[in-house]
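Asks: Sending over a structure as structure tokens; questions will come in a sec.
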Amino acid sequence: MLSFEACPECDLLLNQTQAAPGDKAHCPRCGYLLQRPHKHSIERTFALSIAGLILIAPANLLPMLRVKILGNIQEGTLWTGVGTLLKEDMWAVAMLVLLSSVILPFVNMLLAFLLSVHLFYQRSNSHMIPWMRWYQHLYEWAMIEVYALGIIVACVKLSDMADIKFGFGLYAFIGLLIVNAMLANEFDSYTFWRRITELAEK
């Protein structure tokens, strides 16, 4: 029995095939990248999601920066940044920072863990398809890179007028940033969908 898939870009119907790990499959009409399988994508996603979940707590709760200006010392965390925005009545910006830098990165890391652990241990779950859809829809909104850029800008501006020391929270945040980038590279949506479908049909 033949099975078909449509190109997401031009809707051309194609015979459904599986590219070998390391190869790429492009649409013959528009050139859209259809597949780019990674070796051990599920296993690496499993490991990276565990590392990310471990790093999220210290990255969010421990001080990132210790700033000393004219004898006054202040320590900043992700949560104090959100709190400061709320005190300044910048509710929209505070909610955006909270969602994109705290809540959504945690949700996406948790979804990656749930998907990979079920596929790694070959355990079917009726929630896997919704989890996969949520992961793909929410991933673009988790923008911890933007917060990292804000930290760099703040450090540059304060370097001439204050004594700045980096806290463990910042190192955990940098680690989380690296893990998140590696996860984005290793997470192979095509392989995950295929394995989810195979488990559902058993």
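If you're wondering about the labels, chains in the structure tokens are A, B, ... by order shown, residues count from 1 in each chain, ligands from 1 in order shown.
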Sorted by chain and rising residue number, which residues of range 130-200 of chain A lie within 12 Å of range 48-70 of chain A, and what are their closest atom pairs and distances in Å to one decimal, counting only C-alpha atoms, as JSON lines?
Replies:
```
{"residue": "A:Ile144", "atom": "CA", "partner": "A:Ala59", "partner_atom": "CA", "distance": 11.0}
{"residue": "A:Tyr147", "atom": "CA", "partner": "A:Asn60", "partner_atom": "CA", "distance": 12.0}
{"residue": "A:Ala148", "atom": "CA", "partner": "A:Met64", "partner_atom": "CA", "distance": 10.9}
{"residue": "A:Ile151", "atom": "CA", "partner": "A:Leu65", "partner_atom": "CA", "distance": 9.0}
{"residue": "A:Ile152", "atom": "CA", "partner": "A:Leu65", "partner_atom": "CA", "distance": 11.1}
{"residue": "A:Ala154", "atom": "CA", "partner": "A:Leu65", "partner_atom": "CA", "distance": 10.2}
{"residue": "A:Cys155", "atom": "CA", "partner": "A:Leu65", "partner_atom": "CA", "distance": 8.9}
{"residue": "A:Leu158", "atom": "CA", "partner": "A:Val67", "partner_atom": "CA", "distance": 8.6}
{"residue": "A:Ser159", "atom": "CA", "partner": "A:Val67", "partner_atom": "CA", "distance": 9.6}
{"residue": "A:Asp160", "atom": "CA", "partner": "A:Ile69", "partner_atom": "CA", "distance": 10.4}
{"residue": "A:Met161", "atom": "CA", "partner": "A:Ile69", "partner_atom": "CA", "distance": 7.0}
{"residue": "A:Ala162", "atom": "CA", "partner": "A:Ile69", "partner_atom": "CA", "distance": 4.9}
{"residue": "A:Asp163", "atom": "CA", "partner": "A:Lys68", "partner_atom": "CA", "distance": 5.0}
{"residue": "A:Ile164", "atom": "CA", "partner": "A:Val67", "partner_atom": "CA", "distance": 4.7}
{"residue": "A:Lys165", "atom": "CA", "partner": "A:Arg66", "partner_atom": "CA", "distance": 5.0}
{"residue": "A:Phe166", "atom": "CA", "partner": "A:Leu65", "partner_atom": "CA", "distance": 4.8}
{"residue": "A:Gly167", "atom": "CA", "partner": "A:Met64", "partner_atom": "CA", "distance": 4.6}
{"residue": "A:Phe168", "atom": "CA", "partner": "A:Met64", "partner_atom": "CA", "distance": 6.3}
{"residue": "A:Gly169", "atom": "CA", "partner": "A:Met64", "partner_atom": "CA", "distance": 4.4}
{"residue": "A:Leu170", "atom": "CA", "partner": "A:Met64", "partner_atom": "CA", "distance": 4.2}
{"residue": "A:Tyr171", "atom": "CA", "partner": "A:Ala59", "partner_atom": "CA", "distance": 7.7}
{"residue": "A:Ala172", "atom": "CA", "partner": "A:Ala59", "partner_atom": "CA", "distance": 4.9}
{"residue": "A:Phe173", "atom": "CA", "partner": "A:Ala59", "partner_atom": "CA", "distance": 4.6}
{"residue": "A:Ile174", "atom": "CA", "partner": "A:Ala59", "partner_atom": "CA", "distance": 8.3}
{"residue": "A:Gly175", "atom": "CA", "partner": "A:Leu55", "partner_atom": "CA", "distance": 7.1}
{"residue": "A:Leu176", "atom": "CA", "partner": "A:Gly52", "partner_atom": "CA", "distance": 5.7}
{"residue": "A:Leu177", "atom": "CA", "partner": "A:Gly52", "partner_atom": "CA", "distance": 8.8}
{"residue": "A:Ile178", "atom": "CA", "partner": "A:Gly52", "partner_atom": "CA", "distance": 9.2}
{"residue": "A:Val179", "atom": "CA", "partner": "A:Gly52", "partner_atom": "CA", "distance": 6.1}
{"residue": "A:Asn180", "atom": "CA", "partner": "A:Gly52", "partner_atom": "CA", "distance": 7.1}
{"residue": "A:Ala181", "atom": "CA", "partner": "A:Leu48", "partner_atom": "CA", "distance": 10.0}
{"residue": "A:Met182", "atom": "CA", "partner": "A:Leu48", "partner_atom": "CA", "distance": 7.6}
{"residue": "A:Leu183", "atom": "CA", "partner": "A:Leu48", "partner_atom": "CA", "distance": 6.2}
{"residue": "A:Ala184", "atom": "CA", "partner": "A:Leu48", "partner_atom": "CA", "distance": 10.0}
{"residue": "A:Asn185", "atom": "CA", "partner": "A:Leu48", "partner_atom": "CA", "distance": 10.9}
{"residue": "A:Glu186", "atom": "CA", "partner": "A:Leu48", "partner_atom": "CA", "distance": 9.0}
{"residue": "A:Phe187", "atom": "CA", "partner": "A:Leu48", "partner_atom": "CA", "distance": 9.9}
```
Asks: Please produce a file of the residues just selected, as an mmCIF file, in the first residue's frame, where the atoms kept are N, CA and C atoms.
Replies:
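The file below, selection-v7.cif, is the result:
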```cif
data_model
loop_
_atom_site.group_PDB
_atom_site.id
_atom_site.type_symbol
_atom_site.label_atom_id
_atom_site.label_comp_id
_atom_site.auth_asym_id
_atom_site.auth_seq_id
_atom_site.Cartn_x
_atom_site.Cartn_y
_atom_site.Cartn_z
ATOM 1 N N ILE A 144 14.735 32.374 25.095
ATOM 2 C CA ILE A 144 15.699 32.702 26.140
ATOM 3 C C ILE A 144 16.926 33.398 25.559
ATOM 4 N N TYR A 147 16.601 37.106 26.116
ATOM 5 C CA TYR A 147 16.926 37.502 27.487
ATOM 6 C C TYR A 147 18.439 37.523 27.685
ATOM 7 N N ALA A 148 19.127 36.550 27.083
ATOM 8 C CA ALA A 148 20.593 36.524 27.174
ATOM 9 C C ALA A 148 21.199 37.773 26.545
ATOM 10 N N ILE A 151 20.899 40.614 28.948
ATOM 11 C CA ILE A 151 21.902 40.546 30.015
ATOM 12 C C ILE A 151 23.237 41.113 29.532
ATOM 13 N N ILE A 152 23.623 40.755 28.306
ATOM 14 C CA ILE A 152 24.885 41.255 27.749
ATOM 15 C C ILE A 152 24.860 42.777 27.627
ATOM 16 N N ALA A 154 23.013 44.890 29.332
ATOM 17 C CA ALA A 154 23.023 45.480 30.674
ATOM 18 C C ALA A 154 24.428 45.481 31.266
ATOM 19 N N CYS A 155 25.158 44.388 31.081
ATOM 20 C CA CYS A 155 26.526 44.307 31.612
ATOM 21 C C CYS A 155 27.443 45.333 30.952
ATOM 22 N N LEU A 158 26.597 48.843 32.327
ATOM 23 C CA LEU A 158 26.911 49.058 33.738
ATOM 24 C C LEU A 158 28.387 48.875 34.061
ATOM 25 N N SER A 159 29.161 48.366 33.126
ATOM 26 C CA SER A 159 30.555 48.014 33.419
ATOM 27 C C SER A 159 31.399 49.212 33.845
ATOM 28 N N ASP A 160 31.092 50.403 33.343
ATOM 29 C CA ASP A 160 31.892 51.591 33.665
ATOM 30 C C ASP A 160 31.493 52.253 34.976
ATOM 31 N N MET A 161 30.310 51.961 35.472
ATOM 32 C CA MET A 161 29.820 52.651 36.669
ATOM 33 C C MET A 161 29.558 51.728 37.857
ATOM 34 N N ALA A 162 29.729 50.438 37.672
ATOM 35 C CA ALA A 162 29.418 49.508 38.759
ATOM 36 C C ALA A 162 30.381 48.335 38.748
ATOM 37 N N ASP A 163 30.465 47.705 39.915
ATOM 38 C CA ASP A 163 31.248 46.475 40.056
ATOM 39 C C ASP A 163 30.292 45.304 39.855
ATOM 40 N N ILE A 164 30.504 44.536 38.799
ATOM 41 C CA ILE A 164 29.590 43.446 38.446
ATOM 42 C C ILE A 164 30.277 42.106 38.669
ATOM 43 N N LYS A 165 29.587 41.234 39.383
ATOM 44 C CA LYS A 165 30.068 39.867 39.580
ATOM 45 C C LYS A 165 28.987 38.897 39.101
ATOM 46 N N PHE A 166 29.433 37.856 38.434
ATOM 47 C CA PHE A 166 28.497 36.877 37.895
ATOM 48 C C PHE A 166 28.180 35.821 38.943
ATOM 49 N N GLY A 167 26.893 35.486 39.048
ATOM 50 C CA GLY A 167 26.452 34.468 39.984
ATOM 51 C C GLY A 167 26.283 33.119 39.307
ATOM 52 N N PHE A 168 26.054 32.085 40.116
ATOM 53 C CA PHE A 168 25.899 30.731 39.573
ATOM 54 C C PHE A 168 24.669 30.640 38.674
ATOM 55 N N GLY A 169 23.672 31.464 38.951
ATOM 56 C CA GLY A 169 22.471 31.459 38.119
ATOM 57 C C GLY A 169 22.773 31.787 36.666
ATOM 58 N N LEU A 170 23.757 32.685 36.446
ATOM 59 C CA LEU A 170 24.124 33.049 35.076
ATOM 60 C C LEU A 170 24.800 31.883 34.366
ATOM 61 N N TYR A 171 25.669 31.170 35.086
ATOM 62 C CA TYR A 171 26.328 30.013 34.478
ATOM 63 C C TYR A 171 25.314 28.923 34.138
ATOM 64 N N ALA A 172 24.334 28.736 35.033
ATOM 65 C CA ALA A 172 23.273 27.768 34.758
ATOM 66 C C ALA A 172 22.445 28.212 33.554
ATOM 67 N N PHE A 173 22.205 29.521 33.447
ATOM 68 C CA PHE A 173 21.436 30.057 32.325
ATOM 69 C C PHE A 173 22.189 29.866 31.006
ATOM 70 N N ILE A 174 23.498 30.095 31.018
ATOM 71 C CA ILE A 174 24.306 29.878 29.814
ATOM 72 C C ILE A 174 24.279 28.400 29.428
ATOM 73 N N GLY A 175 24.385 27.526 30.435
ATOM 74 C CA GLY A 175 24.287 26.095 30.171
ATOM 75 C C GLY A 175 22.943 25.729 29.562
ATOM 76 N N LEU A 176 21.872 26.327 30.099
ATOM 77 C CA LEU A 176 20.529 26.088 29.567
ATOM 78 C C LEU A 176 20.421 26.580 28.129
ATOM 79 N N LEU A 177 21.044 27.701 27.848
ATOM 80 C CA LEU A 177 21.040 28.258 26.491
ATOM 81 C C LEU A 177 21.723 27.305 25.514
ATOM 82 N N ILE A 178 22.850 26.733 25.926
ATOM 83 C CA ILE A 178 23.584 25.789 25.081
ATOM 84 C C ILE A 178 22.777 24.516 24.870
ATOM 85 N N VAL A 179 22.207 23.995 25.958
ATOM 86 C CA VAL A 179 21.392 22.779 25.867
ATOM 87 C C VAL A 179 20.191 23.006 24.952
ATOM 88 N N ASN A 180 19.558 24.168 25.075
ATOM 89 C CA ASN A 180 18.394 24.486 24.252
ATOM 90 C C ASN A 180 18.758 24.539 22.767
ATOM 91 N N ALA A 181 19.929 25.113 22.461
ATOM 92 C CA ALA A 181 20.383 25.171 21.069
ATOM 93 C C ALA A 181 20.699 23.774 20.534
ATOM 94 N N MET A 182 21.325 22.942 21.354
ATOM 95 C CA MET A 182 21.635 21.572 20.944
ATOM 96 C C MET A 182 20.361 20.767 20.747
ATOM 97 N N LEU A 183 19.376 20.990 21.620
ATOM 98 C CA LEU A 183 18.099 20.286 21.508
ATOM 99 C C LEU A 183 17.385 20.654 20.208
ATOM 100 N N ALA A 184 17.422 21.933 19.855
ATOM 101 C CA ALA A 184 16.789 22.377 18.610
ATOM 102 C C ALA A 184 17.426 21.705 17.401
ATOM 103 N N ASN A 185 18.730 21.446 17.482
ATOM 104 C CA ASN A 185 19.436 20.808 16.373
ATOM 105 C C ASN A 185 19.186 19.305 16.319
ATOM 106 N N GLU A 186 19.063 18.671 17.476
ATOM 107 C CA GLU A 186 18.943 17.214 17.535
ATOM 108 C C GLU A 186 17.504 16.717 17.406
ATOM 109 N N PHE A 187 16.523 17.568 17.721
ATOM 110 C CA PHE A 187 15.128 17.135 17.683
ATOM 111 C C PHE A 187 14.680 16.994 16.226
#
```
Asks: From a DSSP calculation on the backbone, collect every residue of chain A in helix (DSSP H, G or I) and output the set as a PyMOL selection string.
Replies: chain A and resi 41-61+78-87+91-120+128-141+144-158+168-186+189-201
Asks: DSSP on the backbone, then: every residue of range 51-153 of chain A marked strand (DSSP E or B), written as a VMD selection string.
Replies: chain A and resid 65 to 69 72 to 76
Asks: Atoms to include: N, CA and C atoms. Write the selected residues as a JSON list (two decimals), in the first residue's frame.
Replies:
```json
[["chain", "number", "residue", "atom", "x", "y", "z"],
["A", 65, "LEU", "N", 23.41, 38.09, 38.50],
["A", 65, "LEU", "CA", 24.37, 39.18, 38.61],
["A", 65, "LEU", "C", 24.35, 39.77, 40.01],
["A", 66, "ARG", "N", 25.51, 40.21, 40.45],
["A", 66, "ARG", "CA", 25.63, 40.94, 41.72],
["A", 66, "ARG", "C", 26.24, 42.29, 41.38],
["A", 67, "VAL", "N", 25.44, 43.33, 41.50],
["A", 67, "VAL", "CA", 25.85, 44.67, 41.08],
["A", 67, "VAL", "C", 26.08, 45.55, 42.30],
["A", 68, "LYS", "N", 27.25, 46.19, 42.36],
["A", 68, "LYS", "CA", 27.59, 47.09, 43.46],
["A", 68, "LYS", "C", 27.81, 48.49, 42.90],
["A", 69, "ILE", "N", 26.93, 49.43, 43.29],
["A", 69, "ILE", "CA", 27.03, 50.83, 42.86],
["A", 69, "ILE", "C", 27.01, 51.73, 44.08],
["A", 72, "ASN", "N", 25.97, 50.29, 47.36],
["A", 72, "ASN", "CA", 24.72, 49.55, 47.35],
["A", 72, "ASN", "C", 24.87, 48.28, 46.51],
["A", 73, "ILE", "N", 24.45, 47.17, 47.10],
["A", 73, "ILE", "CA", 24.59, 45.87, 46.44],
["A", 73, "ILE", "C", 23.20, 45.32, 46.10],
["A", 74, "GLN", "N", 23.04, 44.91, 44.86],
["A", 74, "GLN", "CA", 21.79, 44.30, 44.42],
["A", 74, "GLN", "C", 22.09, 43.03, 43.64],
["A", 75, "GLU", "N", 21.26, 42.02, 43.89],
["A", 75, "GLU", "CA", 21.40, 40.76, 43.15],
["A", 75, "GLU", "C", 20.16, 40.57, 42.28],
["A", 76, "GLY", "N", 20.39, 40.11, 41.07],
["A", 76, "GLY", "CA", 19.28, 39.96, 40.13],
["A", 76, "GLY", "C", 19.10, 38.54, 39.65]]
```
Asks: Give me the residues within 12 Å of Val107 in chain A as a list of chain:residue names, counting only C-alpha atoms and dropping any in the same chain fewer than 2 places off.
Replies: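 With the cut-off at 12 Å, the set is A:Ser49, A:Gly52, A:Leu53, A:Ile56, A:Leu99, A:Ser100, A:Ser101, A:Val102, A:Ile103, A:Leu104, A:Pro105, A:Met109, A:Leu110, A:Leu111, A:Ala112, A:Phe113, A:Leu114, A:Trp131, A:Met132, A:Trp134, A:Tyr135, A:Gln136, A:His137, A:Leu138, A:Tyr139, A:Trp141, A:Ala142.
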Asks: Give me, please, the distance in Å between CA of Phe46 in chain A and CA of Glu145 in chain A, quoted to one decimal.
Replies: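 CA of Glu145 in chain A lies at a distance of 21.8 Å from CA of Phe46 in chain A.
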Asks: How many Å separate CA of Pro130 in chain A from CA of His118 in chain A?
Replies: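 According to the coordinates, CA of Pro130 in chain A and CA of His118 in chain A are separated by 13.7 Å.
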Asks: Got a sec: who's within 12 Å of Leu33 in chain A, counting only C-alpha atoms, leaving out chain neighbours fewer than 6 positions off, as a PyMOL selection string?
Replies: chain A and resi 7-10+19+23-27+190
Asks: Counting only C-alpha atoms, figure out which residue out of A:Leu199, A:Ala94, A:Leu149, A:Leu86 gets nearest to Leu115 in chain A.
Replies: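 Between A:Leu199, A:Ala94, A:Leu149, A:Leu86, the residue approaching Leu115 in chain A most closely is A:Leu199.
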